[in-house]
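Q: Just so it is clear, I am handing over upload_32.txt, which has compact mmCIF, C-alpha atoms.
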# COMPACT_ATOMS: atom_id res chain seq x y z
CA MET A 9 19.38 -25.14 69.27
CA LYS A 10 19.73 -26.78 72.67
CA LEU A 11 16.20 -25.70 73.61
CA ILE A 12 14.45 -26.58 70.35
CA LYS A 13 16.51 -29.71 69.56
CA PRO A 14 15.75 -29.78 65.82
CA LYS A 15 16.20 -33.01 63.86
CA PHE A 16 17.31 -31.06 60.76
CA LEU A 17 18.88 -27.62 60.50
CA VAL A 18 19.14 -25.27 57.51
CA PRO A 19 20.94 -22.03 58.44
CA VAL A 20 19.33 -19.33 56.30
CA HIS A 21 20.54 -15.96 57.58
CA GLY A 22 23.84 -14.26 56.72
CA TYR A 23 26.73 -14.89 54.37
CA TYR A 24 27.80 -18.42 53.57
CA PHE A 25 30.62 -18.42 56.15
CA MET A 26 28.15 -17.32 58.85
CA ARG A 27 25.74 -20.10 57.91
CA ALA A 28 28.63 -22.60 57.94
CA ALA A 29 29.52 -21.39 61.45
CA ASN A 30 25.91 -22.06 62.50
CA GLY A 31 26.30 -25.57 61.06
CA ILE A 32 29.41 -26.12 63.20
CA SER A 33 27.51 -24.91 66.27
CA ALA A 34 24.73 -27.39 65.45
CA ARG A 35 27.18 -30.28 65.39
CA GLU A 36 28.63 -29.12 68.72
CA VAL A 37 25.18 -29.42 70.36
CA GLY A 38 24.59 -32.91 68.96
CA ILE A 39 22.87 -32.49 65.57
CA PRO A 40 24.43 -35.01 63.16
CA LYS A 41 26.48 -33.56 60.28
CA GLU A 42 24.24 -35.19 57.65
CA ASN A 43 21.21 -33.38 59.16
CA VAL A 44 22.75 -29.91 58.73
CA MET A 45 22.10 -28.60 55.21
CA LEU A 46 23.79 -25.55 53.73
CA MET A 47 21.74 -24.41 50.75
CA ASP A 48 22.25 -21.69 48.15
CA ASN A 49 19.61 -19.25 46.93
CA GLY A 50 17.27 -20.99 44.51
CA GLN A 51 17.93 -24.54 45.65
CA VAL A 52 14.92 -26.71 46.52
CA ALA A 53 14.77 -29.07 49.48
CA GLU A 54 12.48 -32.01 50.08
CA LEU A 55 11.62 -32.65 53.70
CA THR A 56 9.79 -35.63 55.20
CA ARG A 57 9.54 -36.85 58.78
CA ASP A 58 12.76 -38.84 58.52
CA LYS A 59 14.57 -37.42 55.53
CA PHE A 60 15.93 -34.09 54.27
CA THR A 61 17.33 -33.93 50.72
CA ILE A 62 18.35 -31.14 48.40
CA THR A 63 16.89 -31.82 44.98
CA LYS A 64 18.43 -30.97 41.60
CA GLU A 65 15.53 -28.61 40.93
CA GLU A 66 16.17 -24.86 41.18
CA VAL A 67 13.85 -21.88 41.30
CA PRO A 68 14.65 -18.37 40.09
CA ALA A 69 16.23 -16.35 42.88
CA PHE A 70 17.35 -12.85 41.93
CA TYR A 71 18.58 -9.90 43.90
CA VAL A 72 15.93 -7.30 44.65
CA MET A 73 17.31 -3.79 44.21
CA VAL A 74 16.21 -1.15 46.70
CA ASP A 75 16.33 2.43 45.45
CA GLY A 76 15.37 4.27 48.61
CA LEU A 77 11.83 4.94 47.39
CA GLY A 78 10.68 1.61 46.08
CA VAL A 79 11.64 -2.03 46.24
CA GLY A 80 12.35 -4.03 43.10
CA ASP A 81 11.68 -1.17 40.71
CA VAL A 82 15.28 -0.50 39.68
CA GLU A 83 15.65 -1.68 36.09
CA GLU A 84 18.90 -2.79 34.46
CA VAL A 85 18.86 0.35 32.29
CA VAL A 86 18.88 2.56 35.39
CA LEU A 87 21.78 0.62 36.89
CA ARG A 88 23.71 0.84 33.61
CA ASP A 89 23.20 4.64 33.51
CA ARG A 90 24.34 4.96 37.11
CA ARG A 91 27.50 2.97 36.36
CA ALA A 92 28.22 5.15 33.33
CA LEU A 93 27.69 8.33 35.34
CA ALA A 94 29.95 7.08 38.12
CA GLN A 95 32.76 6.06 35.77
CA GLU A 96 32.60 8.67 33.00
CA GLY A 97 30.63 11.64 34.33
CA MET A 98 28.22 13.78 32.36
CA ILE A 99 28.00 16.94 30.30
CA VAL A 100 24.84 19.00 29.92
CA ILE A 101 24.68 21.26 26.86
CA ILE A 102 22.01 23.94 27.04
CA LEU A 103 21.15 25.39 23.67
CA THR A 104 18.81 28.41 23.40
CA MET A 105 17.37 28.86 19.94
CA ASP A 106 14.82 30.84 17.99
CA ARG A 107 11.88 28.51 17.30
CA ASP A 108 10.92 30.17 14.01
CA LYS A 109 14.33 30.67 12.44
CA GLY A 110 16.05 27.63 13.96
CA ARG A 111 19.10 29.68 14.93
CA MET A 112 21.00 29.91 18.21
CA LEU A 113 20.28 33.01 20.26
CA LYS A 114 23.40 32.75 22.40
CA ASN A 115 26.45 30.56 22.93
CA PRO A 116 25.60 27.13 24.33
CA ASP A 117 25.96 26.76 28.10
CA ILE A 118 27.96 23.70 29.16
CA ILE A 119 27.77 22.05 32.58
CA SER A 120 30.08 19.20 33.55
CA ARG A 121 29.67 16.84 36.51
CA GLY A 122 32.25 14.15 37.19
CA PHE A 123 33.93 14.57 33.78
CA ILE A 124 36.20 17.63 33.58
CA TYR A 125 36.85 20.72 35.66
CA LEU A 126 35.45 23.50 33.49
CA LYS A 127 37.79 26.28 34.61
CA GLU A 128 40.86 24.27 33.61
CA ASN A 129 39.48 23.12 30.25
CA GLN A 130 38.31 26.31 28.54
CA GLU A 131 39.86 25.28 25.20
CA LEU A 132 37.89 22.02 25.19
CA LEU A 133 34.67 23.90 26.02
CA GLU A 134 35.29 26.47 23.29
CA GLU A 135 35.88 23.70 20.75
CA ILE A 136 32.58 22.04 21.79
CA ARG A 137 30.77 25.37 21.33
CA LYS A 138 32.46 25.86 17.96
CA ARG A 139 31.34 22.41 16.80
CA ILE A 140 27.76 23.09 17.90
CA ARG A 141 27.75 26.44 16.06
CA GLY A 142 29.02 24.68 12.92
CA LEU A 143 26.37 22.01 13.31
CA MET A 144 23.63 24.63 13.60
CA GLN A 145 24.89 26.47 10.48
CA ARG A 146 24.67 23.27 8.44
CA LEU A 147 21.00 22.78 9.29
CA PRO A 148 18.59 23.95 6.54
CA SER A 149 17.05 27.33 7.36
CA TYR A 150 13.97 26.79 5.20
CA ARG A 151 12.40 24.22 7.52
CA GLU A 152 11.72 23.84 11.23
CA VAL A 153 14.36 21.99 13.25
CA GLU A 154 13.16 18.84 15.02
CA PRO A 155 14.48 19.09 18.63
CA ASP A 156 14.97 15.32 19.07
CA TYR A 157 16.96 15.12 15.84
CA LEU A 158 19.10 18.08 16.91
CA LYS A 159 19.74 16.48 20.31
CA THR A 160 20.89 13.28 18.61
CA LEU A 161 23.23 15.24 16.31
CA ILE A 162 24.73 17.15 19.25
CA ARG A 163 25.11 13.96 21.29
CA ASP A 164 26.89 12.17 18.42
CA GLN A 165 29.14 15.04 17.35
CA VAL A 166 30.19 16.11 20.84
CA GLY A 167 30.54 12.51 22.03
CA GLN A 168 32.84 11.65 19.13
CA TYR A 169 34.96 14.76 19.71
CA LEU A 170 35.25 14.17 23.47
CA TYR A 171 36.28 10.55 22.95
CA THR A 172 39.05 11.51 20.52
CA LYS A 173 40.34 14.16 22.96
CA THR A 174 39.92 12.41 26.31
CA LYS A 175 39.34 8.68 25.57
CA ARG A 176 36.28 8.91 27.83
CA ARG A 177 32.57 8.68 27.05
CA PRO A 178 30.61 10.94 29.39
CA MET A 179 26.82 10.92 29.28
CA ILE A 180 25.85 13.86 27.08
CA LEU A 181 22.50 15.50 27.80
CA PRO A 182 21.52 18.18 25.29
CA VAL A 183 18.77 20.52 26.47
CA ILE A 184 17.12 22.67 23.82
CA ILE A 185 15.20 25.76 24.90
CA GLU A 186 13.05 27.14 22.11
CA ILE A 187 12.00 30.80 22.36
Translate the structure described by the file into C-alpha cells.
A:
Amino acid sequence: MKLIKPKFLVPVHGYYFMRAANGISAREVGIPKENVMLMDNGQVAELTRDKFTITKEEVPAFYVMVDGLGVGDVEEVVLRDRRALAQEGMIVIILTMDRDKGRMLKNPDIISRGFIYLKENQELLEEIRKRIRGLMQRLPSYREVEPDYLKTLIRDQVGQYLYTKTKRRPMILPVIIEI
C-alpha cells in the first residue's frame, strides 16, 4: 500500500475479519477511513475519479461447490443425499429373483454402511428378510413383476419398519437381480 498509494481500497481476499484488518493497515499508512470500503459478496460499487460509493443494487453471488472432479456441478439433490448418508447411513438390499415366476431364489442379502453393525443386529436383519418374503408372497404370480415397483415397495416397507424400530431413516437401496 505504501508503494502503490491507492486513493481507494477495497480488501477482497479472505474472511471478513482479515479484510477488516487490511482496512486498518490502510488507515495506518495514510488512506482515509472513508476511502476504505468493506464490501460483501454481491454488493455493487460505483467508482469515479473522485468518488467511491456502494450502491443499493446487488448481483447474485452464490457459492460454487467443488466435487473433486468438476467445478459447479454439484446439485442440491446430491448435497441432500450426502447429508442423509452422513447422518443416517444406508442399507442395500440385494434381492435375487426368478424373472419368469417372480419368486425369490434365495434370502435377500443386506449390507449396511453407517447405520447398524450387522453382527450385533441379526434379529433386525431377520425381521427385514421376513418382511421382504411376505411382500414377495403377496405379489400376484400370474403376471410379471415390475422391478421399479418392487423396489418402491421394499423401500417403503423396510423404511417404515426401520423407523419404528430405530427412529432413524437410512437411505434404502434395493437392488433386484433377475435370473
Q: Restricting the calculation to only C-alpha atoms: of A:Lys15, A:Arg151, A:Leu87, A:Asp164, which residue gets closest to Asp58 (chain A)?
A: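 Nearest to Asp58 (chain A): A:Lys15.
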Q: Residues within 8 Å of region 117-130 of chain A, please, as a VMD selection string. Count only C-alpha atoms; anything in the same chain fewer than 3 positions from it doesn't count.
A: chain A and resid 93 to 94 96 to 103 133 to 134 178
Q: Could you please give me, as JSON, numbers by chain, the residues of protein, DNA or RNA lying at most 7 Å from (15.1, 30.4, 22.0) in the coordinate frame of the file, considering only C-alpha atoms?
A: {"A": [104, 105, 106, 107, 113, 185, 186, 187]}
Q: Measuring between only C-alpha atoms, which one of A:Val86, A:Leu132, A:Tyr150, A:Met26 shows the shortest distance to Thr172 (chain A)?
A: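 Nearest candidate to Thr172 (chain A) out of A:Val86, A:Leu132, A:Tyr150, A:Met26: A:Leu132.
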Q: Using all atoms listed in the file, can you tell me which of A:Met179, A:Val44, A:Val153, A:Ile184 comes closest to Arg90 (chain A)?
A: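 Looking only at the distances to Arg90 (chain A), the closest residue turns out to be A:Met179.
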Q: Tell me which protein, DNA and RNA residues are within 12 Å of region 59-70 of chain A, counting only C-alpha atoms, leaving out same-chain ones fewer than 3 positions away, and put them as a PyMOL selection string.
A: chain A and resi 15-18+42-56+73+80
Q: Anything within 9 Å of (30.6, 18.4, 22.1): list those residues as a PyMOL selection string, counting all atoms listed in the file and sticking to the file's coordinates.
A: chain A and resi 99+101+132-133+135-140+162-170+180
Q: Could you tell me how far CA of Thr174 (chain A) lies from CA of Met144 (chain A), in Å and to one decimal?
A: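 Taking CA of Thr174 (chain A) as the start and CA of Met144 (chain A) as the end point, the length is 24.0 Å.
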Q: Centre and edge lengths, as AutoDock Vina command-line options, for the axis-aligned box enclosing every listed atom of region 149-159 of chain A with 3 Å of padding on each of the six sides, in Å to one decimal?
A:
--center_x 15.7 --center_y 21.2 --center_z 12.8 --size_x 14.0 --size_y 18.2 --size_z 21.1
Q: Can you work out which one of A:Pro40, A:Gly31, A:Pro19, A:Pro182 has the shortest atom-to-atom distance to Pro116 (chain A), counting all atoms listed in the file?
A: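 Comparing A:Pro40, A:Gly31, A:Pro19, A:Pro182 against Pro116 (chain A), the winner is A:Pro182.
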